[in-house]
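Structure file start-v7.cif (mmCIF, C-alpha atoms (C1' of nucleotides)) follows.
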```cif
data_upload
#
loop_
_atom_site.label_atom_id
_atom_site.label_comp_id
_atom_site.auth_asym_id
_atom_site.auth_seq_id
_atom_site.Cartn_x
_atom_site.Cartn_y
_atom_site.Cartn_z
CA MET A 1 0.00 0.00 0.00
CA LEU A 2 1.46 3.32 -1.03
CA HIS A 3 2.06 5.74 1.79
CA ALA A 4 0.36 9.14 1.73
CA LEU A 5 2.64 12.12 1.17
CA TYR A 6 2.21 14.51 4.03
CA GLY A 7 2.71 18.26 4.05
CA LYS A 8 3.00 20.79 6.85
CA HIS A 9 -0.45 19.88 8.06
CA LYS A 10 0.02 16.21 8.82
CA LEU A 11 -3.24 14.84 7.52
CA ILE A 12 -4.06 16.92 4.45
CA LEU A 13 -3.37 15.09 1.20
CA GLN A 14 -1.00 17.22 -0.88
CA LYS A 15 -0.99 17.81 -4.62
CA GLU A 16 1.74 15.23 -5.12
CA TRP A 17 -0.48 12.52 -3.67
CA PHE A 18 -2.93 13.08 -6.54
CA GLN A 19 -0.28 13.23 -9.23
CA ARG A 20 -0.38 9.48 -9.83
CA ASP A 21 -2.37 7.11 -12.02
CA VAL A 22 -6.07 7.83 -11.57
CA LEU A 23 -6.82 4.11 -11.25
CA GLN A 24 -4.48 3.98 -8.28
CA VAL A 25 -5.73 7.19 -6.66
CA ALA A 26 -9.45 6.41 -7.02
CA PRO A 27 -9.68 3.32 -4.77
CA GLU A 28 -7.28 4.86 -2.25
CA LEU A 29 -9.65 7.80 -1.85
CA LEU A 30 -12.23 5.51 -0.25
CA GLY A 31 -12.34 6.12 3.49
CA LYS A 32 -10.45 9.41 3.19
CA LYS A 33 -12.12 12.44 4.78
CA LEU A 34 -13.65 15.05 2.54
CA CYS A 35 -13.39 18.29 4.54
CA ARG A 36 -15.42 21.45 4.07
CA GLN A 37 -15.17 24.68 6.03
CA PHE A 38 -18.38 26.71 5.77
CA SER A 39 -18.59 30.49 5.76
CA ASP A 40 -19.48 30.50 9.46
CA GLY A 41 -16.19 28.72 10.24
CA ARG A 42 -17.78 25.36 10.96
CA ILE A 43 -15.78 22.40 9.62
CA VAL A 44 -17.40 19.14 8.48
CA LYS A 45 -15.38 16.00 7.75
CA VAL A 46 -17.02 13.02 6.07
CA ALA A 47 -15.65 9.75 4.76
CA ILE A 48 -15.67 9.15 1.00
CA THR A 49 -17.61 5.98 0.17
CA GLU A 50 -17.97 5.95 -3.62
CA VAL A 51 -15.84 7.24 -6.50
CA GLU A 52 -15.39 6.82 -10.24
CA ALA A 53 -12.22 7.18 -12.33
CA TYR A 54 -12.06 9.01 -15.65
CA ASP A 55 -8.84 8.15 -17.36
CA GLY A 56 -7.37 10.26 -20.14
CA GLN A 57 -8.25 11.08 -23.73
CA GLU A 58 -8.64 7.43 -24.72
CA ASP A 59 -11.51 7.01 -22.25
CA LYS A 60 -14.60 7.95 -24.23
CA ALA A 61 -16.54 8.56 -21.02
CA CYS A 62 -13.99 11.16 -19.91
CA HIS A 63 -14.86 14.79 -20.57
CA ALA A 64 -11.39 15.28 -22.02
CA HIS A 65 -11.64 12.55 -24.64
CA ARG A 66 -12.12 15.07 -27.46
CA GLY A 67 -9.27 17.26 -26.30
CA MET A 68 -9.00 20.38 -24.21
CA THR A 69 -11.90 22.79 -23.83
CA ASP A 70 -12.60 25.70 -21.47
CA ARG A 71 -14.44 23.41 -19.10
CA ASN A 72 -11.98 20.53 -18.86
CA ALA A 73 -8.68 22.44 -19.12
CA ILE A 74 -7.98 21.87 -15.42
CA MET A 75 -7.79 18.12 -16.06
CA PHE A 76 -4.69 18.69 -18.16
CA GLU A 77 -2.88 20.33 -15.25
CA PRO A 78 -1.06 18.31 -12.59
CA GLY A 79 -3.45 16.60 -10.15
CA GLY A 80 -4.79 17.96 -6.88
CA CYS A 81 -7.31 20.53 -8.12
CA TRP A 82 -11.09 20.58 -8.02
CA TYR A 83 -12.92 19.98 -11.28
CA VAL A 84 -16.50 21.11 -10.73
CA TYR A 85 -19.21 21.34 -13.35
CA LEU A 86 -22.97 21.69 -13.61
CA CYS A 87 -24.80 18.57 -14.76
CA TYR A 88 -28.27 18.60 -16.33
CA GLY A 89 -28.47 22.29 -15.49
CA VAL A 90 -29.23 21.37 -11.90
CA HIS A 91 -26.49 19.52 -10.03
CA TRP A 92 -22.89 20.46 -9.31
CA LEU A 93 -20.58 17.45 -9.60
CA LEU A 94 -17.32 17.35 -7.67
CA ASN A 95 -14.14 15.79 -9.09
CA ILE A 96 -10.52 15.89 -8.01
CA THR A 97 -7.96 15.97 -10.81
CA THR A 98 -5.16 13.40 -10.88
CA GLY A 99 -2.05 12.52 -12.83
CA GLU A 100 0.82 14.43 -14.36
CA LYS A 101 0.60 17.58 -16.45
CA ASP A 102 -0.93 17.03 -19.93
CA TYR A 103 -2.57 13.76 -18.88
CA PRO A 104 -6.29 14.57 -18.40
CA ALA A 105 -7.82 12.47 -15.62
CA ALA A 106 -10.03 12.95 -12.58
CA VAL A 107 -11.95 11.13 -9.88
CA LEU A 108 -15.67 11.84 -9.48
CA ILE A 109 -16.75 11.78 -5.85
CA ARG A 110 -20.14 10.06 -5.92
CA GLY A 111 -20.84 9.29 -2.30
CA ILE A 112 -19.95 10.20 1.28
CA ASP A 113 -21.17 8.89 4.61
CA ASP A 114 -24.95 9.32 4.87
CA CYS A 115 -25.16 11.05 1.53
CA ASN A 116 -25.27 9.00 -1.67
CA GLY A 117 -25.29 10.65 -5.07
CA PRO A 118 -22.83 13.08 -6.64
CA GLY A 119 -25.41 15.88 -6.93
CA ARG A 120 -26.67 15.40 -3.41
CA LEU A 121 -23.33 15.59 -1.68
CA THR A 122 -22.41 18.89 -3.30
CA LYS A 123 -25.71 20.36 -2.16
CA HIS A 124 -25.13 19.00 1.33
CA LEU A 125 -21.60 20.43 1.53
CA GLN A 126 -22.55 23.65 -0.27
CA VAL A 127 -20.12 23.07 -3.13
CA ASP A 128 -20.75 24.96 -6.36
CA GLY A 129 -18.97 26.48 -9.35
CA LEU A 130 -16.96 28.82 -7.14
CA PHE A 131 -14.71 25.87 -6.30
CA LYS A 132 -13.87 24.97 -9.87
CA ASN A 133 -10.14 24.87 -10.62
CA SER A 134 -9.11 25.68 -7.05
CA VAL A 135 -6.39 23.72 -5.28
CA ALA A 136 -7.64 21.13 -2.80
CA ASP A 137 -6.15 22.67 0.34
CA LYS A 138 -7.35 24.37 3.50
CA LYS A 139 -7.24 27.80 1.90
CA SER A 140 -9.85 26.78 -0.66
CA LEU A 141 -12.13 25.65 2.22
CA LEU A 142 -12.40 22.21 0.62
CA TRP A 143 -9.74 19.56 1.06
CA ILE A 144 -9.11 15.85 1.75
CA GLU A 145 -7.45 14.31 4.80
CA ASP A 146 -5.91 10.89 5.26
CA ALA A 147 -7.78 8.42 7.45
CA GLY A 148 -5.91 5.17 7.11
CA PRO A 149 -6.46 2.45 4.52
CA VAL A 150 -9.72 0.64 3.84
CA PRO A 151 -9.44 -3.18 3.81
CA GLU A 152 -9.24 -4.37 0.23
CA HIS A 153 -12.07 -6.85 0.66
CA GLU A 154 -14.40 -3.97 1.52
CA ILE A 155 -13.90 -2.37 -1.90
CA ILE A 156 -16.31 -3.30 -4.68
CA ARG A 157 -15.47 -2.54 -8.32
CA SER A 158 -18.18 -2.09 -10.92
CA ALA A 159 -19.07 -0.20 -14.10
CA ARG A 160 -19.54 3.53 -14.05
CA ILE A 161 -22.98 5.11 -13.89
CA GLY A 162 -24.63 7.12 -16.65
CA VAL A 163 -21.95 6.70 -19.31
CA ASP A 164 -23.70 4.49 -21.86
CA TYR A 165 -23.07 7.15 -24.49
CA ALA A 166 -19.36 6.21 -24.35
CA GLY A 167 -19.94 2.85 -26.04
CA GLU A 168 -19.81 -0.58 -24.49
CA LYS A 169 -16.05 -0.84 -24.27
CA TRP A 170 -15.72 2.20 -22.02
CA ALA A 171 -19.12 2.06 -20.33
CA SER A 172 -18.32 -1.43 -19.05
CA LYS A 173 -14.89 -0.61 -17.57
CA PRO A 174 -14.87 -1.37 -13.83
CA TYR A 175 -13.82 2.14 -12.89
CA ARG A 176 -16.36 2.64 -10.10
CA PHE A 177 -15.25 1.91 -6.55
CA ASN A 178 -17.60 1.44 -3.58
CA TRP A 179 -16.57 1.10 0.02
CA ILE A 180 -18.87 -1.47 1.62
CA LYS A 181 -18.21 -1.35 5.34
CA VAL A 182 -18.37 -4.72 7.03
"C1'" DG B 1 -41.46 5.99 -15.74
"C1'" DG B 2 -40.64 11.00 -16.91
"C1'" DA B 3 -39.67 16.02 -16.46
"C1'" DG B 4 -36.83 19.71 -15.15
"C1'" DT B 5 -32.72 22.62 -16.01
"C1'" DG B 6 -28.95 25.60 -18.10
"C1'" DA B 7 -23.99 25.43 -19.13
"C1'" DT B 8 -21.24 23.45 -22.56
"C1'" DG B 9 -19.49 22.02 -26.90
"C1'" DA B 10 -20.21 21.13 -31.87
"C1'" DC B 11 -21.28 23.04 -35.97
"C1'" DA B 12 -22.53 26.83 -39.38
"C1'" DG C 1 -25.52 32.66 -33.87
"C1'" DT C 2 -28.29 27.81 -33.25
"C1'" DC C 3 -29.09 23.18 -31.35
"C1'" DA C 4 -28.51 18.68 -29.07
"C1'" DT C 5 -26.55 16.69 -25.23
"C1'" DC C 6 -25.79 15.66 -20.47
"C1'" DA C 7 -20.64 11.61 -15.10
"C1'" DC C 8 -28.58 13.54 -11.89
"C1'" DT C 9 -32.54 13.81 -8.65
"C1'" DC C 10 -37.15 13.85 -7.38
"C1'" DC C 11 -41.91 12.76 -7.73
"C1'" DA C 12 -45.54 9.74 -9.49
#
```
Go through the file and emit its structure as structure tokens.
Amino acid sequence: MLHALYGKHKLILQKEWFQRDVLQVAPELLGKKLCRQFSDGRIVKVAITEVEAYDGQEDKACHAHRGMTDRNAIMFEPGGCWYVYLCYGVHWLLNITTGEKDYPAAVLIRGIDDCNGPGRLTKHLQVDGLFKNSVADKKSLLWIEDAGPVPEHEIIRSARIGVDYAGEKWASKPYRFNWIKV
DNA sequence: GGAGTGATGACA
DNA sequence: GTCATCACTCCA
């Protein structure tokens, strides 16, 4: 198991931690604490329970598969930034970028403790477009902290949700990771 | 099962 | 400039 790279604040996952293969980062994010500081100063920390990986330009389900656009440009930067976008005109979806510069990849955070659904959790944590392209650190009021590894047998892999448009090859990739607590 | 919702990207 | 599409949620 790869060790987390720690910065000045012992628990906060640093940019370098995200600058690895998205398929390695995604399952390791399970059990980590998604942390949000609200405008009144209150801090909420919740465990991540479900994620999906979107892996580069080859991946037809990835927003970057047709190259760089205004929206997805942040995915081409080194990992560790928030990629936030509005889905169906209603829901903000929260992703963390991964990988090296010029390799577009990100992890969609789909579920946290007591809050399933990528659109629901952003509403719950009051995350919107203001966070897009910001660095995942304490200054941005949204960051991720280490919380120890999740046992491998508690991780379930399956196909990603809502990506049928990508064609069977990519829609069927087991790039979705669920943490099923025993 | 079906509608809402508006930014985004493709194309002209 | 237009137009179709969409990594979803809620209510019936």
**Given the PyMOL selection byres ((chain A) within 8 of (chain C)), the residues it picks as a PyMOL selection string** = chain A and resi 61+87-88+90-91+108+118-119+161-163
Those same residues, written as a compact mmCIF listing (two decimals), in the frame of the given file with C-alpha atoms?
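Below you can see selection_11.txt, which holds the result:
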```
# COMPACT_ATOMS: atom_id res chain seq x y z
CA ALA A 61 -16.54 8.56 -21.02
CA CYS A 87 -24.80 18.57 -14.76
CA TYR A 88 -28.27 18.60 -16.33
CA VAL A 90 -29.23 21.37 -11.90
CA HIS A 91 -26.49 19.52 -10.03
CA LEU A 108 -15.67 11.84 -9.48
CA PRO A 118 -22.83 13.08 -6.64
CA GLY A 119 -25.41 15.88 -6.93
CA ILE A 161 -22.98 5.11 -13.89
CA GLY A 162 -24.63 7.12 -16.65
CA VAL A 163 -21.95 6.70 -19.31
```
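Nearest to Val135 of chain A of all the residues A:Leu23, A:Ala171, A:Leu86, A:Ile96 is A:Ile96, based on only C-alpha atoms.
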**Request:** Kindly provide, as a VMD selection string, the residues of chain A having any atom no farther than 12 Å from an atom of chain B, counting all atoms listed in the file.
**Result:** chain A and resid 63 to 64 66 to 72 85 to 92 129
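Counting from atom CA of Ala26 of chain A, the distance to atom CA of Pro174 of chain A is 11.7 Å.
Interatomic distance, atom CA of Pro78 of chain A against atom CA of Leu142 of chain A: 17.8 Å.
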**Message:** For a test of reading the model, state the distance in Å between atom CA of Pro104 of chain A and atom CA of Leu130 of chain A, rounded to one decimal.
**Reply:**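 Going from atom CA of Pro104 of chain A over to atom CA of Leu130 of chain A covers 21.1 Å.
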**Proximity to Pro27 of chain A - best of A:Lys10, A:Ile74, A:Glu50, A:Asp59, all atoms listed in the file** = A:Glu50
**Answer as a list in words, residues within 9 Å of (-16.6, 13.1, -14.3) using only C-alpha atoms (C1' of nucleotides)** = Glu52, Ala53, Tyr54, Ala61, Cys62, His63, Tyr83, Val84, Tyr85, Leu93, Leu94, Asn95, Ala105, Ala106, Val107, Leu108 and Ile109 of chain A; DA7 of chain C
**Request:** Considering all atoms listed in the file, return as number ranges by chain whatever protein or nucleic-acid residues lie within 9 Å of Lys15 of chain A, sequence-local ones (same chain, fewer than 6 positions apart) excluded.
**Result:** A: 5, 78-81, 98, 135-137
**Asked** So which residues fall inside 12 Å of (-13.5, 29.7, 8.7) if we count only C-alpha atoms (C1' of nucleotides)? Mind giving them as a PyMOL selection string?
**Response** chain A and resi 36-44+138-142
**Request:** Could you tell me which residues the PyMOL selection byres ((chain A and resi 46) around 6) grabs in this file, written as a PyMOL selection string?
**Result:** chain A and resi 33-34+45+47
For those residues, write C-alpha atoms to a file as a short mmCIF file (atom, residue, chain, number, x, y, z; two decimals), keeping the file's coordinate frame.
```cif
data_model
loop_
_atom_site.label_atom_id
_atom_site.label_comp_id
_atom_site.auth_asym_id
_atom_site.auth_seq_id
_atom_site.Cartn_x
_atom_site.Cartn_y
_atom_site.Cartn_z
CA LYS A 33 -12.12 12.44 4.78
CA LEU A 34 -13.65 15.05 2.54
CA LYS A 45 -15.38 16.00 7.75
CA ALA A 47 -15.65 9.75 4.76
#
```
Go ahead and fit an axis-aligned box to every listed atom of chain C plus 4 Å each side, and pass me the centre and edge lengths in Å, one decimal, as AutoDock Vina command-line options.
```
--center_x -33.1 --center_y 21.2 --center_z -20.6 --size_x 32.9 --size_y 30.9 --size_z 34.5
```
For segment 146-167 of chain A, supply N, CA, C and O atoms and report the output as an mmCIF file, in the frame of the given file.
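Written out: selection.cif:
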```cif
data_model
loop_
_atom_site.group_PDB
_atom_site.id
_atom_site.type_symbol
_atom_site.label_atom_id
_atom_site.label_comp_id
_atom_site.auth_asym_id
_atom_site.auth_seq_id
_atom_site.Cartn_x
_atom_site.Cartn_y
_atom_site.Cartn_z
ATOM 1 N N ASP A 146 -6.151 12.326 5.160
ATOM 2 C CA ASP A 146 -5.910 10.890 5.260
ATOM 3 C C ASP A 146 -6.698 10.325 6.447
ATOM 4 O O ASP A 146 -6.986 11.029 7.407
ATOM 5 N N ALA A 147 -7.029 9.044 6.353
ATOM 6 C CA ALA A 147 -7.780 8.420 7.450
ATOM 7 C C ALA A 147 -7.440 6.943 7.542
ATOM 8 O O ALA A 147 -8.222 6.157 8.041
ATOM 9 N N GLY A 148 -6.287 6.579 7.049
ATOM 10 C CA GLY A 148 -5.910 5.170 7.110
ATOM 11 C C GLY A 148 -6.550 4.381 5.997
ATOM 12 O O GLY A 148 -7.555 4.787 5.435
ATOM 13 N N PRO A 149 -5.976 3.232 5.653
ATOM 14 C CA PRO A 149 -6.460 2.450 4.520
ATOM 15 C C PRO A 149 -7.758 1.693 4.828
ATOM 16 O O PRO A 149 -8.035 1.353 5.972
ATOM 17 N N VAL A 150 -8.510 1.456 3.761
ATOM 18 C CA VAL A 150 -9.720 0.640 3.840
ATOM 19 C C VAL A 150 -9.320 -0.779 3.450
ATOM 20 O O VAL A 150 -8.575 -0.959 2.484
ATOM 21 N N PRO A 151 -9.779 -1.797 4.178
ATOM 22 C CA PRO A 151 -9.440 -3.180 3.810
ATOM 23 C C PRO A 151 -9.854 -3.473 2.371
ATOM 24 O O PRO A 151 -10.942 -3.087 1.956
ATOM 25 N N GLU A 152 -8.979 -4.141 1.648
ATOM 26 C CA GLU A 152 -9.240 -4.370 0.230
ATOM 27 C C GLU A 152 -10.529 -5.140 -0.025
ATOM 28 O O GLU A 152 -11.215 -4.916 -1.022
ATOM 29 N N HIS A 153 -10.870 -6.046 0.890
ATOM 30 C CA HIS A 153 -12.070 -6.850 0.660
ATOM 31 C C HIS A 153 -13.347 -6.045 0.884
ATOM 32 O O HIS A 153 -14.443 -6.545 0.627
ATOM 33 N N GLU A 154 -13.212 -4.809 1.347
ATOM 34 C CA GLU A 154 -14.400 -3.970 1.520
ATOM 35 C C GLU A 154 -14.620 -3.039 0.332
ATOM 36 O O GLU A 154 -15.501 -2.188 0.350
ATOM 37 N N ILE A 155 -13.784 -3.200 -0.711
ATOM 38 C CA ILE A 155 -13.900 -2.370 -1.900
ATOM 39 C C ILE A 155 -14.522 -3.171 -3.038
ATOM 40 O O ILE A 155 -14.045 -4.242 -3.388
ATOM 41 N N ILE A 156 -15.621 -2.648 -3.576
ATOM 42 C CA ILE A 156 -16.310 -3.300 -4.680
ATOM 43 C C ILE A 156 -16.088 -2.500 -5.954
ATOM 44 O O ILE A 156 -16.296 -1.295 -5.979
ATOM 45 N N ARG A 157 -15.647 -3.192 -7.022
ATOM 46 C CA ARG A 157 -15.470 -2.540 -8.320
ATOM 47 C C ARG A 157 -16.661 -2.849 -9.214
ATOM 48 O O ARG A 157 -17.143 -3.974 -9.238
ATOM 49 N N SER A 158 -17.111 -1.845 -9.968
ATOM 50 C CA SER A 158 -18.180 -2.090 -10.920
ATOM 51 C C SER A 158 -18.108 -1.057 -12.040
ATOM 52 O O SER A 158 -17.202 -0.222 -12.056
ATOM 53 N N ALA A 159 -19.064 -1.125 -12.966
ATOM 54 C CA ALA A 159 -19.070 -0.200 -14.100
ATOM 55 C C ALA A 159 -19.574 1.170 -13.663
ATOM 56 O O ALA A 159 -20.353 1.283 -12.718
ATOM 57 N N ARG A 160 -19.129 2.170 -14.387
ATOM 58 C CA ARG A 160 -19.540 3.530 -14.050
ATOM 59 C C ARG A 160 -20.994 3.794 -14.410
ATOM 60 O O ARG A 160 -21.574 3.113 -15.251
ATOM 61 N N ILE A 161 -21.566 4.792 -13.739
ATOM 62 C CA ILE A 161 -22.980 5.110 -13.890
ATOM 63 C C ILE A 161 -23.175 6.203 -14.939
ATOM 64 O O ILE A 161 -22.407 7.162 -14.994
ATOM 65 N N GLY A 162 -24.227 6.025 -15.760
ATOM 66 C CA GLY A 162 -24.630 7.120 -16.650
ATOM 67 C C GLY A 162 -23.680 7.433 -17.770
ATOM 68 O O GLY A 162 -23.617 8.576 -18.227
ATOM 69 N N VAL A 163 -22.905 6.429 -18.242
ATOM 70 C CA VAL A 163 -21.950 6.700 -19.310
ATOM 71 C C VAL A 163 -22.161 5.799 -20.519
ATOM 72 O O VAL A 163 -21.227 5.513 -21.259
ATOM 73 N N ASP A 164 -23.406 5.369 -20.728
ATOM 74 C CA ASP A 164 -23.700 4.490 -21.860
ATOM 75 C C ASP A 164 -23.322 5.127 -23.195
ATOM 76 O O ASP A 164 -22.970 4.426 -24.148
ATOM 77 N N TYR A 165 -23.400 6.447 -23.253
ATOM 78 C CA TYR A 165 -23.070 7.150 -24.490
ATOM 79 C C TYR A 165 -21.639 6.870 -24.948
ATOM 80 O O TYR A 165 -21.296 7.081 -26.104
ATOM 81 N N ALA A 166 -20.776 6.406 -24.041
ATOM 82 C CA ALA A 166 -19.360 6.210 -24.350
ATOM 83 C C ALA A 166 -19.096 4.928 -25.142
ATOM 84 O O ALA A 166 -17.974 4.689 -25.563
ATOM 85 N N GLY A 167 -20.136 4.123 -25.345
ATOM 86 C CA GLY A 167 -19.940 2.850 -26.040
ATOM 87 C C GLY A 167 -19.614 1.757 -25.045
ATOM 88 O O GLY A 167 -19.098 2.021 -23.962
#
```
